[in-house]
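So this block is final.cif, mmCIF, C-alpha atoms:
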```
data_target
loop_
_atom_site.label_atom_id
_atom_site.label_comp_id
_atom_site.auth_asym_id
_atom_site.auth_seq_id
_atom_site.Cartn_x
_atom_site.Cartn_y
_atom_site.Cartn_z
CA MET C 1 -2.86 20.82 -7.12
CA ALA C 2 -4.41 18.17 -9.34
CA GLU C 3 -7.37 20.26 -10.45
CA GLU C 4 -5.17 22.87 -12.12
CA GLY C 5 -3.62 20.76 -14.87
CA LYS C 6 -4.85 17.63 -16.54
CA ALA C 7 -2.17 15.54 -14.90
CA ILE C 8 -2.67 13.91 -11.51
CA ASP C 9 0.13 14.81 -9.16
CA ALA C 10 0.27 11.62 -7.13
CA LEU C 11 3.91 11.79 -6.05
CA GLY C 12 4.03 15.40 -4.87
CA GLN C 13 2.95 14.31 -1.41
CA PHE C 14 6.26 12.54 -0.86
CA GLU C 15 8.37 15.63 -1.51
CA LEU C 16 10.46 16.77 1.40
CA GLY C 17 10.43 20.39 2.46
CA THR C 18 11.70 22.17 5.51
CA VAL C 19 9.42 23.32 8.30
CA PHE C 20 9.63 26.05 10.97
CA GLY C 21 10.66 28.76 8.47
CA PRO C 22 14.30 29.92 8.29
CA VAL C 23 15.27 28.10 11.48
CA GLY C 24 14.21 24.73 10.07
CA ALA C 25 15.68 25.53 6.67
CA SER C 26 19.11 26.32 8.10
CA VAL C 27 19.39 22.97 9.85
CA GLY C 28 17.47 20.98 7.21
CA PHE C 29 14.62 20.02 9.52
CA THR C 30 12.06 18.45 7.18
CA GLN C 31 8.42 17.60 7.75
CA SER C 32 9.56 13.97 7.80
CA ASN C 33 11.68 14.74 10.88
CA LEU C 34 8.77 16.66 12.37
CA TYR C 35 6.48 13.65 12.12
CA MET C 36 9.14 11.33 13.50
CA LEU C 37 9.38 13.68 16.47
CA ILE C 38 5.59 13.80 16.84
CA SER C 39 5.24 10.04 16.74
CA GLY C 40 8.09 9.64 19.22
CA CYS C 41 6.37 12.06 21.60
CA LEU C 42 3.02 10.29 21.15
CA ILE C 43 4.54 6.89 21.91
CA VAL C 44 6.27 8.18 25.03
CA ALA C 45 3.06 9.92 26.09
CA LEU C 46 1.05 6.75 25.55
CA MET C 47 3.42 4.63 27.59
CA VAL C 48 4.15 7.15 30.36
CA LEU C 49 0.70 8.65 30.81
CA GLY C 50 -1.03 5.36 30.14
CA MET C 51 0.93 3.51 32.80
CA ARG C 52 0.94 6.31 35.36
CA GLN C 53 -2.08 5.07 37.28
CA ARG C 54 -1.13 1.39 37.36
CA ALA C 55 -4.73 0.47 38.09
CA MET C 56 -5.70 -3.14 38.64
CA VAL C 57 -8.56 -2.63 36.22
CA PRO C 58 -6.98 -0.63 33.42
CA GLY C 59 -8.58 2.41 31.83
CA ARG C 60 -8.54 3.03 28.09
CA MET C 61 -5.02 4.42 27.83
CA GLN C 62 -3.58 1.85 30.20
CA SER C 63 -5.15 -1.08 28.40
CA LEU C 64 -3.87 0.28 25.08
CA ALA C 65 -0.36 0.55 26.48
CA GLU C 66 -0.60 -2.88 28.10
CA SER C 67 -1.91 -4.61 24.99
CA ALA C 68 0.84 -3.06 22.86
CA TYR C 69 3.40 -4.29 25.36
CA GLY C 70 1.82 -7.73 25.61
CA PHE C 71 1.53 -8.03 21.84
CA ILE C 72 5.25 -7.61 21.23
CA ASP C 73 6.15 -9.64 24.31
CA ASP C 74 4.06 -12.58 23.09
CA MET C 75 5.52 -12.27 19.61
CA LEU C 76 9.09 -12.36 20.91
CA LEU C 77 8.34 -15.28 23.20
CA ALA C 78 6.67 -17.27 20.42
CA GLN C 79 9.23 -16.52 17.71
CA VAL C 80 12.55 -16.30 19.52
CA GLY C 81 11.91 -18.01 22.84
CA SER C 82 12.78 -16.82 26.33
CA GLU C 83 16.22 -15.58 25.15
CA GLY C 84 14.33 -13.14 22.96
CA ARG C 85 13.18 -11.13 25.97
CA ARG C 86 16.35 -9.06 26.02
CA PHE C 87 15.60 -7.76 22.54
CA PHE C 88 12.21 -6.50 23.69
CA PRO C 89 13.11 -2.78 23.87
CA PHE C 90 14.50 -2.85 20.34
CA VAL C 91 11.59 -4.66 18.71
CA PHE C 92 9.01 -2.70 20.69
CA THR C 93 10.52 0.64 19.69
CA LEU C 94 10.73 -0.43 16.07
CA PHE C 95 7.13 -1.67 16.00
CA MET C 96 5.63 1.38 17.70
CA PHE C 97 7.67 3.80 15.60
CA ILE C 98 6.57 2.19 12.32
CA LEU C 99 2.98 1.77 13.49
CA PHE C 100 2.67 5.40 14.56
CA GLY C 101 4.40 6.57 11.38
CA ASN C 102 2.00 4.61 9.20
CA MET C 103 -1.07 5.66 11.16
CA LEU C 104 -0.10 9.34 11.43
CA GLY C 105 0.49 9.38 7.69
CA LEU C 106 -3.18 8.62 7.08
CA PHE C 107 -4.30 11.93 8.57
CA PRO C 108 -4.95 14.72 6.09
CA TYR C 109 -1.94 17.01 5.52
CA ALA C 110 0.28 14.61 7.44
CA PHE C 111 3.53 13.27 6.07
CA THR C 112 4.30 9.54 6.08
CA TYR C 113 7.95 9.11 6.96
CA THR C 114 7.77 5.36 6.30
CA SER C 115 7.13 6.14 2.62
CA HIS C 116 10.78 7.02 2.04
CA ILE C 117 13.13 4.19 1.13
CA SER C 118 16.06 5.89 2.85
CA MET C 119 14.14 5.86 6.13
CA THR C 120 12.95 2.26 5.91
CA PHE C 121 16.32 1.08 4.66
CA VAL C 122 18.15 2.59 7.62
CA MET C 123 15.74 0.78 9.97
CA ALA C 124 16.23 -2.49 8.08
CA LEU C 125 19.99 -1.98 8.10
CA THR C 126 19.90 -1.50 11.87
CA VAL C 127 18.07 -4.82 12.18
CA PHE C 128 20.55 -6.47 9.82
CA VAL C 129 23.60 -5.20 11.71
CA LEU C 130 22.02 -6.25 15.00
CA ILE C 131 21.24 -9.81 13.90
CA THR C 132 24.72 -10.22 12.42
CA VAL C 133 26.45 -8.88 15.53
CA VAL C 134 24.25 -11.03 17.81
CA ALA C 135 24.92 -14.15 15.74
CA ILE C 136 28.69 -13.59 15.66
CA SER C 137 28.94 -12.71 19.35
CA LEU C 138 26.88 -15.77 20.38
CA HIS C 139 28.33 -18.33 17.99
CA GLY C 140 31.71 -16.94 16.92
CA THR C 141 33.03 -18.49 13.73
CA LYS C 142 30.26 -21.11 13.77
CA PHE C 143 28.09 -18.32 12.38
CA PHE C 144 29.74 -18.81 8.98
CA GLY C 145 28.49 -22.39 8.94
CA TYR C 146 25.08 -20.79 8.51
CA PHE C 147 25.89 -20.29 4.84
CA PHE C 148 26.46 -23.98 4.19
CA PRO C 149 23.77 -26.40 5.39
CA GLU C 150 25.08 -29.58 6.98
CA GLY C 151 24.76 -32.75 4.96
CA ALA C 152 24.92 -31.05 1.58
CA PRO C 153 27.51 -32.56 -0.79
CA ILE C 154 30.77 -30.64 -0.58
CA TRP C 155 31.10 -30.18 -4.34
CA LEU C 156 27.96 -28.03 -4.25
CA ALA C 157 29.66 -25.54 -1.91
CA PRO C 158 30.74 -23.12 -4.70
CA ILE C 159 27.08 -22.77 -5.66
CA ILE C 160 25.34 -22.94 -2.30
CA ILE C 161 27.57 -20.53 -0.39
CA PRO C 162 27.25 -17.54 -2.78
CA VAL C 163 23.51 -18.13 -3.10
CA GLU C 164 23.10 -18.25 0.69
CA ILE C 165 25.21 -15.12 1.09
CA VAL C 166 23.15 -13.23 -1.49
CA SER C 167 19.99 -14.50 0.20
CA TYR C 168 21.26 -13.30 3.57
CA LEU C 169 22.23 -9.91 2.17
CA SER C 170 18.82 -9.51 0.57
CA ARG C 171 17.12 -9.44 3.98
CA PRO C 172 17.46 -5.72 4.68
CA ILE C 173 16.50 -4.92 1.08
CA SER C 174 13.31 -6.98 1.18
CA LEU C 175 12.46 -5.67 4.65
CA SER C 176 12.78 -2.05 3.57
CA ILE C 177 11.21 -2.40 0.12
CA ARG C 178 8.13 -4.14 1.54
CA LEU C 179 7.29 -1.37 4.00
CA PHE C 180 8.18 1.44 1.62
CA ALA C 181 6.29 -0.01 -1.36
CA ASN C 182 3.15 -0.67 0.67
CA MET C 183 3.06 2.84 2.06
CA VAL C 184 3.78 4.53 -1.28
CA ALA C 185 1.26 2.39 -3.17
CA GLY C 186 -1.48 3.09 -0.65
CA HIS C 187 -0.94 6.83 -0.60
CA VAL C 188 -0.67 7.06 -4.38
CA MET C 189 -3.98 5.21 -4.77
CA LEU C 190 -5.66 7.48 -2.22
CA LYS C 191 -4.33 10.53 -4.00
CA VAL C 192 -5.38 9.32 -7.46
CA PHE C 193 -8.94 8.58 -6.39
CA ALA C 194 -9.12 11.84 -4.45
CA SER C 195 -8.08 13.64 -7.65
CA PHE C 196 -10.86 11.82 -9.52
CA VAL C 197 -13.35 13.14 -6.98
CA VAL C 198 -12.23 16.71 -7.61
CA MET C 199 -12.06 16.34 -11.40
CA LEU C 200 -15.44 14.66 -11.73
CA GLY C 201 -16.99 17.04 -9.23
CA ALA C 202 -16.18 19.94 -11.57
CA LEU C 203 -18.06 18.29 -14.44
CA GLY C 204 -21.18 20.44 -14.48
CA THR C 205 -24.50 19.32 -13.03
CA ILE C 206 -24.01 15.57 -13.30
CA GLY C 207 -20.44 15.73 -11.92
CA PRO C 208 -21.10 15.54 -8.18
CA PHE C 209 -23.22 12.42 -8.67
CA ILE C 210 -20.52 10.56 -10.59
CA ALA C 211 -17.91 11.80 -8.13
CA ILE C 212 -19.58 9.71 -5.43
CA MET C 213 -18.05 6.57 -6.95
CA PRO C 214 -14.38 7.44 -6.45
CA LEU C 215 -15.33 8.91 -3.08
CA ALA C 216 -16.81 5.57 -2.05
CA ILE C 217 -13.65 3.83 -3.23
CA ASN C 218 -11.58 6.22 -1.17
CA VAL C 219 -13.63 5.52 1.95
CA ALA C 220 -13.01 1.80 1.46
CA LEU C 221 -9.34 2.46 0.72
CA ILE C 222 -8.87 4.40 3.96
CA GLY C 223 -10.17 1.40 5.88
CA PHE C 224 -7.85 -0.85 3.92
CA GLU C 225 -4.93 1.49 4.57
CA VAL C 226 -5.52 1.36 8.32
CA LEU C 227 -5.25 -2.42 8.01
CA VAL C 228 -2.10 -2.16 5.89
CA ALA C 229 -0.57 0.35 8.31
CA PHE C 230 -0.94 -2.11 11.17
CA LEU C 231 -0.07 -5.15 9.07
CA GLN C 232 3.18 -3.67 7.76
CA ALA C 233 4.32 -2.67 11.24
CA TYR C 234 3.45 -6.20 12.35
CA VAL C 235 5.29 -7.80 9.43
CA PHE C 236 8.38 -5.69 10.07
CA ALA C 237 8.37 -6.65 13.73
CA ILE C 238 7.72 -10.35 13.15
CA LEU C 239 10.42 -10.61 10.49
CA THR C 240 12.82 -8.94 12.90
CA CYS C 241 11.83 -11.63 15.43
CA ILE C 242 12.35 -14.41 12.89
CA TYR C 243 15.77 -13.07 11.97
CA LEU C 244 16.61 -12.79 15.68
CA HIS C 245 15.56 -16.41 16.08
CA ASP C 246 17.96 -17.38 13.30
CA ALA C 247 20.69 -15.32 14.92
CA VAL C 248 20.16 -16.78 18.40
CA HIS C 249 19.68 -20.41 17.35
CA LEU C 250 21.42 -20.54 13.94
CA HIS C 251 18.71 -22.35 11.93
CA MET E 1 -14.82 -20.44 40.62
CA ASN E 2 -18.09 -22.10 39.77
CA GLU E 3 -19.73 -18.77 39.10
CA ARG E 4 -16.92 -17.76 36.82
CA GLU E 5 -17.13 -20.97 34.82
CA SER E 6 -20.82 -20.54 34.37
CA LEU E 7 -20.26 -16.95 33.25
CA ASP E 8 -17.67 -18.12 30.73
CA ARG E 9 -20.05 -20.75 29.48
CA ARG E 10 -22.93 -18.34 29.07
CA LEU E 11 -20.63 -15.79 27.45
CA LYS E 12 -19.41 -18.40 25.00
CA ALA E 13 -22.96 -19.41 24.18
CA ALA E 14 -23.95 -15.78 23.65
CA ARG E 15 -20.93 -15.12 21.45
CA ASP E 16 -21.62 -18.22 19.37
CA ARG E 17 -25.22 -17.13 18.92
CA GLN E 18 -24.09 -13.76 17.61
CA GLY E 19 -21.34 -15.31 15.47
CA LEU E 20 -18.72 -13.10 17.16
CA ASP E 21 -15.94 -15.66 17.37
CA LYS E 22 -15.84 -16.41 13.67
CA VAL E 23 -14.81 -12.88 12.69
CA PRO E 24 -11.01 -13.32 12.87
CA ASP E 25 -10.53 -16.05 10.27
CA ALA E 26 -13.01 -14.48 7.86
CA LYS E 27 -11.06 -11.23 7.99
CA GLY E 28 -7.68 -12.91 7.81
CA ALA E 29 -8.45 -14.47 4.45
CA LEU E 30 -8.55 -11.22 2.50
CA PRO E 31 -5.11 -9.70 3.14
CA SER E 32 -3.20 -12.97 3.36
CA THR E 33 -3.48 -13.95 -0.31
CA TRP E 34 -2.48 -10.46 -1.38
CA GLY E 35 0.15 -10.27 1.33
CA VAL E 36 1.76 -13.59 0.43
CA GLY E 37 1.87 -12.70 -3.26
CA LEU E 38 3.41 -9.35 -2.53
CA ARG E 39 5.93 -10.84 -0.13
CA ALA E 40 7.05 -13.44 -2.66
CA GLY E 41 7.52 -10.71 -5.27
CA VAL E 42 9.48 -8.52 -2.89
CA GLU E 43 11.73 -11.45 -1.92
CA VAL E 44 12.66 -12.18 -5.54
CA VAL E 45 13.20 -8.53 -6.42
CA SER E 46 15.38 -7.83 -3.39
CA ALA E 47 17.57 -10.88 -3.99
CA LEU E 48 18.00 -9.79 -7.62
CA VAL E 49 18.86 -6.26 -6.49
CA VAL E 50 21.55 -7.59 -4.17
CA GLY E 51 22.92 -9.95 -6.83
CA VAL E 52 23.06 -7.34 -9.56
CA GLY E 53 24.46 -4.73 -7.17
CA LEU E 54 27.22 -7.04 -5.95
CA GLY E 55 28.05 -8.05 -9.52
CA LEU E 56 28.31 -4.47 -10.72
CA VAL E 57 30.45 -3.39 -7.76
CA LEU E 58 32.82 -6.35 -8.13
CA ASP E 59 33.04 -5.79 -11.89
CA ARG E 60 33.95 -2.14 -11.40
CA TRP E 61 36.55 -3.09 -8.81
CA LEU E 62 38.16 -5.96 -10.73
CA GLY E 63 37.54 -4.65 -14.25
CA THR E 64 35.89 -7.85 -15.44
CA TRP E 65 32.71 -6.38 -16.92
CA PRO E 66 30.37 -8.08 -17.74
CA TRP E 67 31.28 -11.54 -16.43
CA LEU E 68 30.79 -11.18 -12.69
CA PHE E 69 27.60 -9.23 -13.35
CA LEU E 70 26.22 -12.19 -15.29
CA VAL E 71 27.31 -14.69 -12.63
CA PHE E 72 25.83 -12.68 -9.78
CA PHE E 73 22.63 -12.07 -11.73
CA VAL E 74 22.10 -15.83 -11.85
CA LEU E 75 23.10 -16.15 -8.17
CA GLY E 76 20.61 -13.41 -7.27
CA ALA E 77 17.85 -15.20 -9.15
CA ALA E 78 18.71 -18.45 -7.37
CA ALA E 79 18.71 -16.66 -4.00
CA GLY E 80 15.32 -15.19 -4.87
CA VAL E 81 13.91 -18.63 -5.53
CA LEU E 82 15.49 -19.83 -2.28
CA ASN E 83 13.84 -16.94 -0.40
CA VAL E 84 10.44 -17.80 -1.84
CA TYR E 85 10.99 -21.47 -1.01
CA ARG E 86 11.81 -20.53 2.59
CA LEU E 87 8.67 -18.38 2.67
CA PHE E 88 6.46 -21.39 2.01
CA THR E 89 8.22 -24.04 4.09
CA PRO E 90 7.12 -24.23 7.72
CA ARG E 91 10.05 -22.94 9.73
CA SER E 92 11.66 -23.87 13.08
CA GLY E 93 10.57 -26.89 15.09
CA ALA E 94 10.46 -28.92 11.90
CA ARG E 95 14.22 -28.64 11.60
CA LYS E 96 16.62 -30.51 13.82
CA ASP E 97 17.03 -27.59 16.21
#
```
How does this structure look as structure tokens?
Amino acid sequence: MAEEGKAIDALGQFELGTVFGPVGASVGFTQSNLYMLISGCLIVALMVLGMRQRAMVPGRMQSLAESAYGFIDDMLLAQVGSEGRRFFPFVFTLFMFILFGNMLGLFPYAFTYTSHISMTFVMALTVFVLITVVAISLHGTKFFGYFFPEGAPIWLAPIIIPVEIVSYLSRPISLSIRLFANMVAGHVMLKVFASFVVMLGALGTIGPFIAIMPLAINVALIGFEVLVAFLQAYVFAILTCIYLHDAVHLH
Amino acid sequence: MNERESLDRRLKAARDRQGLDKVPDAKGALPSTWGVGLRAGVEVVSALVVGVGLGLVLDRWLGTWPWLFLVFFVLGAAAGVLNVYRLFTPRSGARKD
């Protein structure tokens, strides 16, 4: 698309469209939904097929499944403590879903569903509702003491309490913006440099030689994006764990 | 047991010789500076978004434009600073709990 006009169409890749022809169009089944479905199937396949043999010495698939499981289990144990174990299914699902979404989005022609703020915000909102419900159900009205630290002078309450409430409410926003912004920024950069490759490549005899430079940058960027894809899934999961720690222990 | 210890020892020596064990902290240095900067920025922006959003909604509801907006803008900025402060203070354990 970029080679037609002078402009670089970096944001076109995030446009939603329906798939599966008229059937998909009538129910509004977008390519975003398609990739969510694919990543869900891949995760289930990894866990079910990987753990089917239950070998003492794991094969490739089994060790991948086991290390993913152990990774989240260790994280929960370290961040929340032994009470955190019961949140394992939630955090594990969240982590794998984001990780697979980020990684699948790096394939050519694939769609990154984590690059939409509506998607990431709904996930962050789920986490937010969960931590609030957990905190209230475990601590009752003591939960509201969270907004006013003990030992602070009482006359500061009108300032501290609104600030703490705004800070608490900003959690889902920061959680969703971080993931969304990282994914969008990475894909826009990839697209811009890929457009440079095409534009410079069309520049007569010398073009292909200059085009090697943006191509090299893109190769490096892909490696960086794989890192970011994992890191953002990790950050989302670990922040969920930290918030769960706050909810379970209140400070 | 003895065999296993000796294997571990030889493995460790071989890994040290090849410099394999130093890889993690060398790699961790690159994204962390960027990551921390980005996280601090996101924390401030999101607190401001919440503050401004709350202010606008309350103003529309109570018809007090622009006073609550101004108050909540300042509260959002303060919450953003608080978020960044929390980001850099070592958490849990250090506190009384």
Residue list for chain E near chain C as a VMD selection string, 6 Å, only C-alpha atoms: chain E and resid 42 to 43 46 to 47 50 75 79
Between CA of Leu200 (chain C) and CA of Ile8 (chain C), what is the distance in Å, rounded to a tenth? 12.8 Å
Can you list, as an NGL selection string, the residues that the PyMOL selection byres ((chain C and resi 119-129) around 12) selects here? :C and (32-33 or 36 or 87 or 90-91 or 93-95 or 97-98 or 101-102 or 112-118 or 130-137 or 168-184 or 232-233 or 236-244 or 246-247)
Can I get the selection written as an mmCIF file, in the frame of the given file, with C-alpha atoms?
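Wrote result02.cif, looks like this:
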```cif
data_model
loop_
_atom_site.group_PDB
_atom_site.id
_atom_site.type_symbol
_atom_site.label_atom_id
_atom_site.label_comp_id
_atom_site.auth_asym_id
_atom_site.auth_seq_id
_atom_site.Cartn_x
_atom_site.Cartn_y
_atom_site.Cartn_z
ATOM 1 C CA SER C 32 9.560 13.970 7.800
ATOM 2 C CA ASN C 33 11.680 14.740 10.880
ATOM 3 C CA MET C 36 9.140 11.330 13.500
ATOM 4 C CA PHE C 87 15.600 -7.760 22.540
ATOM 5 C CA PHE C 90 14.500 -2.850 20.340
ATOM 6 C CA VAL C 91 11.590 -4.660 18.710
ATOM 7 C CA THR C 93 10.520 0.640 19.690
ATOM 8 C CA LEU C 94 10.730 -0.430 16.070
ATOM 9 C CA PHE C 95 7.130 -1.670 16.000
ATOM 10 C CA PHE C 97 7.670 3.800 15.600
ATOM 11 C CA ILE C 98 6.570 2.190 12.320
ATOM 12 C CA GLY C 101 4.400 6.570 11.380
ATOM 13 C CA ASN C 102 2.000 4.610 9.200
ATOM 14 C CA THR C 112 4.300 9.540 6.080
ATOM 15 C CA TYR C 113 7.950 9.110 6.960
ATOM 16 C CA THR C 114 7.770 5.360 6.300
ATOM 17 C CA SER C 115 7.130 6.140 2.620
ATOM 18 C CA HIS C 116 10.780 7.020 2.040
ATOM 19 C CA ILE C 117 13.130 4.190 1.130
ATOM 20 C CA SER C 118 16.060 5.890 2.850
ATOM 21 C CA LEU C 130 22.020 -6.250 15.000
ATOM 22 C CA ILE C 131 21.240 -9.810 13.900
ATOM 23 C CA THR C 132 24.720 -10.220 12.420
ATOM 24 C CA VAL C 133 26.450 -8.880 15.530
ATOM 25 C CA VAL C 134 24.250 -11.030 17.810
ATOM 26 C CA ALA C 135 24.920 -14.150 15.740
ATOM 27 C CA ILE C 136 28.690 -13.590 15.660
ATOM 28 C CA SER C 137 28.940 -12.710 19.350
ATOM 29 C CA TYR C 168 21.260 -13.300 3.570
ATOM 30 C CA LEU C 169 22.230 -9.910 2.170
ATOM 31 C CA SER C 170 18.820 -9.510 0.570
ATOM 32 C CA ARG C 171 17.120 -9.440 3.980
ATOM 33 C CA PRO C 172 17.460 -5.720 4.680
ATOM 34 C CA ILE C 173 16.500 -4.920 1.080
ATOM 35 C CA SER C 174 13.310 -6.980 1.180
ATOM 36 C CA LEU C 175 12.460 -5.670 4.650
ATOM 37 C CA SER C 176 12.780 -2.050 3.570
ATOM 38 C CA ILE C 177 11.210 -2.400 0.120
ATOM 39 C CA ARG C 178 8.130 -4.140 1.540
ATOM 40 C CA LEU C 179 7.290 -1.370 4.000
ATOM 41 C CA PHE C 180 8.180 1.440 1.620
ATOM 42 C CA ALA C 181 6.290 -0.010 -1.360
ATOM 43 C CA ASN C 182 3.150 -0.670 0.670
ATOM 44 C CA MET C 183 3.060 2.840 2.060
ATOM 45 C CA VAL C 184 3.780 4.530 -1.280
ATOM 46 C CA GLN C 232 3.180 -3.670 7.760
ATOM 47 C CA ALA C 233 4.320 -2.670 11.240
ATOM 48 C CA PHE C 236 8.380 -5.690 10.070
ATOM 49 C CA ALA C 237 8.370 -6.650 13.730
ATOM 50 C CA ILE C 238 7.720 -10.350 13.150
ATOM 51 C CA LEU C 239 10.420 -10.610 10.490
ATOM 52 C CA THR C 240 12.820 -8.940 12.900
ATOM 53 C CA CYS C 241 11.830 -11.630 15.430
ATOM 54 C CA ILE C 242 12.350 -14.410 12.890
ATOM 55 C CA TYR C 243 15.770 -13.070 11.970
ATOM 56 C CA LEU C 244 16.610 -12.790 15.680
ATOM 57 C CA ASP C 246 17.960 -17.380 13.300
ATOM 58 C CA ALA C 247 20.690 -15.320 14.920
#
```
Would you work out the distance separating CA of Ala68 (chain C) from CA of Arg85 (chain C), expressed in Å to one decimal?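 It comes out at 15.1 Å.
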When you look at Leu70 (chain E) with a cut-off of 9 Å (counting only C-alpha atoms), what residues show up, excluding the ones that are within fewer than 4 positions of it in the same chain? I need them as a short mmCIF file (atom, residue, chain, number, x, y, z; two decimals) with C-alpha atoms, in the coordinates of the input.
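Output below, filename result_38.cif:
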```cif
data_model
loop_
_atom_site.label_atom_id
_atom_site.label_comp_id
_atom_site.auth_asym_id
_atom_site.auth_seq_id
_atom_site.Cartn_x
_atom_site.Cartn_y
_atom_site.Cartn_z
CA VAL E 52 23.06 -7.34 -9.56
CA GLY E 55 28.05 -8.05 -9.52
CA TRP E 65 32.71 -6.38 -16.92
CA PRO E 66 30.37 -8.08 -17.74
CA VAL E 74 22.10 -15.83 -11.85
CA LEU E 75 23.10 -16.15 -8.17
#
```
Just to confirm, what's the straight-line distance from CA of Lys142 (chain C) to CA of Ala157 (chain C) in Å (one decimal)?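 Calculated distance between CA of Lys142 (chain C) and CA of Ala157 (chain C) is 16.3 Å.
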Draw an axis-aligned box over all listed atoms of region 193-202 of chain C, pad each side with 8 Å, and write its centre and edge lengths in Å, one decimal, as AutoDock Vina command-line options.
```
--center_x -12.5 --center_y 14.3 --center_z -8.1 --size_x 24.9 --size_y 27.4 --size_z 23.3
```
For Gly186 (chain C), the nearest of the candidates C:Pro158, C:Gly59, C:Gly223, C:Gly151, counting only C-alpha atoms: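 Comparing C:Pro158, C:Gly59, C:Gly223, C:Gly151 against Gly186 (chain C), the winner is C:Gly223.
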Give me the residues within 9 Å of Leu68 (chain E) as JSON, numbers by chain, counting only C-alpha atoms and dropping any in the same chain fewer than 6 places off. {"E": [54, 55, 56, 58, 59]}
I'd like the neighbourhood of Gln62 (chain C) as a list of chain:residue names, where a residue qualifies if any of its atoms comes within 7 Å (using all atoms listed in the file), though same-chain residues fewer than 4 positions away should be ignored.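 Within the cut-off, the hits are C:Gly50, C:Met51, C:Pro58, C:Glu66.
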Slice of the block: region 226-238 of chain C, N, CA, C and O atoms, as an mmCIF file, in the first residue's frame:
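Now in out_12.cif:
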```cif
data_model
loop_
_atom_site.group_PDB
_atom_site.id
_atom_site.type_symbol
_atom_site.label_atom_id
_atom_site.label_comp_id
_atom_site.auth_asym_id
_atom_site.auth_seq_id
_atom_site.Cartn_x
_atom_site.Cartn_y
_atom_site.Cartn_z
ATOM 1 N N VAL C 226 10.378 -9.320 19.532
ATOM 2 C CA VAL C 226 10.160 -10.606 20.212
ATOM 3 C C VAL C 226 10.392 -10.424 21.702
ATOM 4 O O VAL C 226 9.631 -10.903 22.545
ATOM 5 N N LEU C 227 11.451 -9.666 22.026
ATOM 6 C CA LEU C 227 11.747 -9.368 23.436
ATOM 7 C C LEU C 227 10.595 -8.590 24.072
ATOM 8 O O LEU C 227 10.131 -8.919 25.164
ATOM 9 N N VAL C 228 10.134 -7.552 23.354
ATOM 10 C CA VAL C 228 9.055 -6.711 23.899
ATOM 11 C C VAL C 228 7.782 -7.534 24.065
ATOM 12 O O VAL C 228 7.075 -7.391 25.067
ATOM 13 N N ALA C 229 7.511 -8.423 23.104
ATOM 14 C CA ALA C 229 6.301 -9.248 23.174
ATOM 15 C C ALA C 229 6.304 -10.071 24.450
ATOM 16 O O ALA C 229 5.294 -10.145 25.161
ATOM 17 N N PHE C 230 7.452 -10.670 24.769
ATOM 18 C CA PHE C 230 7.533 -11.452 25.999
ATOM 19 C C PHE C 230 7.498 -10.543 27.224
ATOM 20 O O PHE C 230 6.788 -10.796 28.187
ATOM 21 N N LEU C 231 8.259 -9.450 27.150
ATOM 22 C CA LEU C 231 8.401 -8.556 28.300
ATOM 23 C C LEU C 231 7.057 -7.953 28.694
ATOM 24 O O LEU C 231 6.748 -7.832 29.879
ATOM 25 N N GLN C 232 6.246 -7.583 27.699
ATOM 26 C CA GLN C 232 4.976 -6.943 28.022
ATOM 27 C C GLN C 232 4.006 -7.933 28.629
ATOM 28 O O GLN C 232 3.251 -7.587 29.544
ATOM 29 N N ALA C 233 4.027 -9.174 28.126
ATOM 30 C CA ALA C 233 3.186 -10.208 28.743
ATOM 31 C C ALA C 233 3.634 -10.431 30.186
ATOM 32 O O ALA C 233 2.819 -10.551 31.109
ATOM 33 N N TYR C 234 4.957 -10.443 30.389
ATOM 34 C CA TYR C 234 5.522 -10.624 31.722
ATOM 35 C C TYR C 234 5.130 -9.471 32.644
ATOM 36 O O TYR C 234 4.720 -9.677 33.790
ATOM 37 N N VAL C 235 5.251 -8.239 32.125
ATOM 38 C CA VAL C 235 4.929 -7.066 32.944
ATOM 39 C C VAL C 235 3.459 -7.070 33.333
ATOM 40 O O VAL C 235 3.102 -6.815 34.486
ATOM 41 N N PHE C 236 2.595 -7.415 32.374
ATOM 42 C CA PHE C 236 1.163 -7.473 32.674
ATOM 43 C C PHE C 236 0.897 -8.492 33.770
ATOM 44 O O PHE C 236 0.176 -8.221 34.731
ATOM 45 N N ALA C 237 1.536 -9.656 33.644
ATOM 46 C CA ALA C 237 1.305 -10.714 34.629
ATOM 47 C C ALA C 237 1.858 -10.321 35.987
ATOM 48 O O ALA C 237 1.211 -10.525 37.020
ATOM 49 N N ILE C 238 3.072 -9.730 36.007
ATOM 50 C CA ILE C 238 3.676 -9.441 37.307
ATOM 51 C C ILE C 238 2.952 -8.286 37.996
ATOM 52 O O ILE C 238 2.812 -8.277 39.220
#
```
